[in-house]
Structures are given as C-alpha cells and as structure tokens.
Amino acid sequence: MKADSNNKPRLLVVGAGGFIGGFICREGIARGMNVTAAVRESTSRRFLTDPALDFLVLDYDDPSQIETALASSEPWDYIIYNLGATKAATFPEFNLVNFEYLRRFVEALKKTGRVPRRFLYMSSLSALGPGDEKGYKPLDAATVPNPNTRYGLSKIKAENYLEYQSDIPYIIFRPTGVYGPHEKDYLMMVKSIDSHFDFGVGYKPQMLTFIYVDDLVRAMFDALASGVLKKKYIISEERSYTQTEFRRIVAEELGKKWVIPIRLPLWTAWIASFVAEKIGHFRAKPSTLNRDKFKIMKQRNWNADVSEAQRDFGFKTRFSLRDGIRETVRAYRKDKN
C-alpha cells in the first residue's frame, strides 16, 4: 500500500471506538500507515491510546458537521467503515445506524472530494439470512440474500446502497461471529461456562463458525492491498464447530473439569427473548437478548465458504477456535483480576 514515494498511506477508521475498531487501528499503525480514528464526541477511547493515532470527531446525526469535518482533513487513501449497531429495539433504530449513517457519510465523502482509493465496508453474514438447514450446504458467494432479522435487513440495505454508488470503490466483508478480547456477546458465553453452565437453544444440530478478531483485521488490510474492487467476501475460519465442541474448548481453556450442558427448547428461548426485549423497551435500552437475537440463535447452519477470499487475496486464518479462545480467556482473566 503506497500513497506516494514520500508519504505513508493514510487510513481512516470509521467506528474506531467499537470492539473491532481498536484492533483495526493497531494493525494499520503496525503496517506503517497514518491512521485516523473517527469517533463520536462521547466515544470511549479506552483502546485507542497509541500516541501515533490521529482523531476525527464526527456527529452522524448532523450531515453538515460530517462534511465540515471531512473537508478540514487531508484525503485518505483507504477508509474502513466499521460503524454499526448489533443491538437495537426497533428496525428504524437499526436502519438509522446501519444504513442512514453510512449514506450520510458516503454523500459527505463525495461532496467534499474525499472518496478514497478503497472503501471497505463491514457488513455481516446475517445479511444473507438462514441457509440450507437440511443438507447444511455452506453459505457462499452465490447465496441469494434473504435476511430474516432486523439487523440483517439493515445490513443488506447498506450493501445495496453501496452497490449503486458507481463512484465508490467498495469492498464488502460479511464476517461470521467475531470474537476476541473485549468482545461482549461471546464473553457472556465464556462467563457462563466459567460458572459450570452452558446454555444452548434447540435440539436440531447446529453448525457454528467463528473468526478471531486478529484474523478478520488482517484480512481487511490484505484485501485493501490486493487491488480487489467492488466484491463481497464471506470471512470465517475455514471449518465449523458444534456447540459441544465449542463448550469443550472453552471449558478446557478455562481449566474447568465439569460443565453442565442445558438445552432449552426454542419456544422457551422465544419467550425469554420477547420478555427481555419488552423490558429493554421499558428501560429505553436495547437488550442483548431479543427476538432478533433469537432468530440468530435459532439458525442451524452457519457453515461458510471462504474460497473467494482465499483465491482473491490469499485469505487464511492463523487462529483456530482453540487458539482464539485461549487469547480471549487470557484477556478475560486479566480484566477479571
């Protein structure tokens, strides 16, 4: 990646304050780039402490402020758009953060002449919706999107918007479940197993896929450097796991000799999700457990075909699930103590 012979390539990370954002910024600096972290005024900078980082404050609710902020900055060679909401009480809330904020940002890029050489958008495997739950055929590049969650719908809407922007040199990533140090959803599962209980939903076999955060972030930079353009990629570890395998790996890395597996029928999980969502509405705060999350837990087939990413930019994971869980548990114990 070379901006010109005298300057380091410039990278803007939008949504830098989230779980993945700190890892993106760290990798960019490690690769010799000038990295700017785009954050809200209220965003925590707990994992954005490297003195080499520059900051750009954006108010996504104010399009004119976005334009002014972009116009006052030097152009970037690359932009990784990592901003998004994974939990929201209603579709309009998902739509605002996952689609409307993206639209406002892209329009501001065009108006200010700040369109980069490459624009990598972080979507989700949920944009495809449920796949083959009989033969468990992997989700792949030919899978026709049919999202069944509010989150997935907002993501595919954002993808479709980018596809119609002929002047935006986009790359779209559809990662499976991303985990690693400081991530919260999978941490809840680790904590549960640490307490000797593993809760699962449904009795039909479920195949799970994962991607460790370092592998995902490395893939972002490899894709940007490869020259691929206007393509979508599924990003996942090359193999899938059963819930039993996941539980055993986490338990072993935690040093737990026994864990009680508790399998809940789908109807009980739906009731719990419905109640938790209503409580979240009452408190005006999105609940981690909700009907959208229920549909994700209900999905049986998360098998993923990553052959296009392997072919186009040499994608290959370095972390197996065991390796990644080991690093996640190490960070969990450090934070716990």
# chains A, B, ... in the order shown; residues from 1 in each chain; ligands from 1
>>> residues_around(residues="range 314-327 of chain A", least_positions_apart="3", cutoff="9 Å", atoms="only C-alpha atoms", output="ChimeraX atom specification")
/A:179-181,190,210-216,218-219,222-223,235-239,241,246,249-250,253-254,306-311,330-332
>>> residues_around(residues="range 193-206 of chain A", least_positions_apart="4", cutoff="12 Å", atoms="only C-alpha atoms", output="ChimeraX atom specification")
/A:130-136,186-189,240-270,272-273,293-303,329,332-333,336
>>> select_by_dssp(residues="range 70-205 of chain A", states="helix (DSSP H, G or I)", output="MDAnalysis selection string")
chainID A and resid 70:71 91:111 125:127 150:163 185:194
>>> residues_around(residues="Pro51 in chain A", least_positions_apart="6", cutoff="12 Å", atoms="only C-alpha atoms", output="MDAnalysis selection string")
chainID A and resid 25:26 29 34:37 45
>>> closest_residue(among="A:Arg46, A:Lys111, A:Lys191, A:Lys230", to="Pro169 in chain A", atoms="only C-alpha atoms")
A:Lys230
>>> closest_atom_pairs(of="range 71-118 of chain A", to="range 147-156 of chain A", cutoff="12 Å", atoms="only C-alpha atoms", output="tab-separated table")
residue	atom	partner	partner_atom	distance
A:Asn82	CA	A:Lys155	CA	11.9
A:Leu83	CA	A:Lys155	CA	11.3
A:Gly84	CA	A:Lys155	CA	8.9
A:Ala85	CA	A:Tyr151	CA	8.0
A:Thr86	CA	A:Tyr151	CA	6.6
A:Lys87	CA	A:Tyr151	CA	7.7
A:Ala88	CA	A:Tyr151	CA	8.2
A:Ala89	CA	A:Arg150	CA	9.6
A:Thr90	CA	A:Arg150	CA	7.6
A:Phe91	CA	A:Arg150	CA	5.4
A:Pro92	CA	A:Arg150	CA	9.0
A:Glu93	CA	A:Ser154	CA	9.5
A:Phe94	CA	A:Ser154	CA	6.1
A:Asn95	CA	A:Ser154	CA	5.3
A:Leu96	CA	A:Ser154	CA	8.6
A:Val97	CA	A:Ser154	CA	8.7
A:Asn98	CA	A:Ser154	CA	5.8
A:Phe99	CA	A:Ser154	CA	6.1
A:Glu100	CA	A:Ser154	CA	9.4
A:Tyr101	CA	A:Ser154	CA	11.3
A:Leu102	CA	A:Lys155	CA	10.4
>>> write_last_selection(atoms="N, CA and C atoms", output="CSV table (one decimal), in the first residue's frame")
chain,number,residue,atom,x,y,z
A,82,ASN,N,-16.4,0.7,9.9
A,82,ASN,CA,-16.7,-0.3,10.9
A,82,ASN,C,-17.9,0.1,11.8
A,83,LEU,N,-18.5,1.3,11.5
A,83,LEU,CA,-19.6,1.8,12.3
A,83,LEU,C,-20.8,0.9,12.1
A,84,GLY,N,-21.5,0.5,13.2
A,84,GLY,CA,-22.7,-0.2,13.1
A,84,GLY,C,-23.3,-0.6,14.5
A,85,ALA,N,-24.6,-0.9,14.4
A,85,ALA,CA,-25.3,-1.3,15.7
A,85,ALA,C,-25.7,-2.8,15.5
A,86,THR,N,-25.3,-3.6,16.5
A,86,THR,CA,-25.7,-5.0,16.5
A,86,THR,C,-26.9,-5.2,17.4
A,87,LYS,N,-27.3,-4.3,18.3
A,87,LYS,CA,-28.4,-4.4,19.1
A,87,LYS,C,-29.3,-3.1,19.0
A,88,ALA,N,-30.6,-3.2,18.8
A,88,ALA,CA,-31.5,-2.1,18.7
A,88,ALA,C,-32.9,-2.6,19.0
A,89,ALA,N,-33.7,-1.7,19.5
A,89,ALA,CA,-35.0,-2.1,19.9
A,89,ALA,C,-36.0,-2.2,18.7
A,90,THR,N,-35.7,-1.4,17.7
A,90,THR,CA,-36.7,-1.4,16.5
A,90,THR,C,-35.9,-1.4,15.2
A,91,PHE,N,-36.6,-1.7,14.1
A,91,PHE,CA,-35.9,-1.6,12.8
A,91,PHE,C,-35.5,-0.2,12.5
A,92,PRO,N,-36.3,0.8,12.8
A,92,PRO,CA,-35.9,2.2,12.5
A,92,PRO,C,-34.6,2.6,13.1
A,93,GLU,N,-34.3,2.0,14.3
A,93,GLU,CA,-33.0,2.3,15.0
A,93,GLU,C,-31.9,1.6,14.3
A,94,PHE,N,-32.1,0.3,13.9
A,94,PHE,CA,-31.1,-0.4,13.1
A,94,PHE,C,-30.8,0.4,11.8
A,95,ASN,N,-31.9,0.8,11.1
A,95,ASN,CA,-31.8,1.5,9.9
A,95,ASN,C,-31.1,2.8,10.0
A,96,LEU,N,-31.3,3.5,11.0
A,96,LEU,CA,-30.6,4.8,11.2
A,96,LEU,C,-29.1,4.6,11.3
A,97,VAL,N,-28.7,3.7,12.2
A,97,VAL,CA,-27.2,3.5,12.4
A,97,VAL,C,-26.6,2.7,11.3
A,98,ASN,N,-27.2,1.6,10.8
A,98,ASN,CA,-26.5,0.8,9.9
A,98,ASN,C,-26.7,1.2,8.4
A,99,PHE,N,-27.7,2.0,8.1
A,99,PHE,CA,-27.9,2.4,6.7
A,99,PHE,C,-27.8,3.9,6.6
A,100,GLU,N,-28.6,4.7,7.3
A,100,GLU,CA,-28.6,6.1,7.1
A,100,GLU,C,-27.3,6.8,7.5
A,101,TYR,N,-26.6,6.4,8.5
A,101,TYR,CA,-25.4,7.0,8.9
A,101,TYR,C,-24.3,6.7,7.7
A,102,LEU,N,-24.4,5.5,7.2
A,102,LEU,CA,-23.5,5.2,6.1
A,102,LEU,C,-23.8,6.1,4.9
>>> closest_residue(among="A:Arg10, A:Ser166, A:Ile66, A:Ala16", to="Pro116 in chain A", atoms="only C-alpha atoms")
A:Arg10
>>> atom_distance(atom1="CA of Met33 in chain A", atom2="CA of Phe47 in chain A")
18.0 Å
>>> select_by_dssp(residues="range 33-273 of chain A", states="strand (DSSP E or B)", output="ChimeraX atom specification")
/A:34-39,54-57,78-81,118-122,139,170-175,177-179,197-201,207-208,210-212,232-235,241,260-264
>>> closest_residue(among="A:Leu229, A:Ile171, A:Leu125, A:Leu120", to="Thr143 in chain A", atoms="only C-alpha atoms")
A:Leu125
>>> atom_distance(atom1="CA of Met207 in chain A", atom2="CA of Pro175 in chain A")
15.5 Å
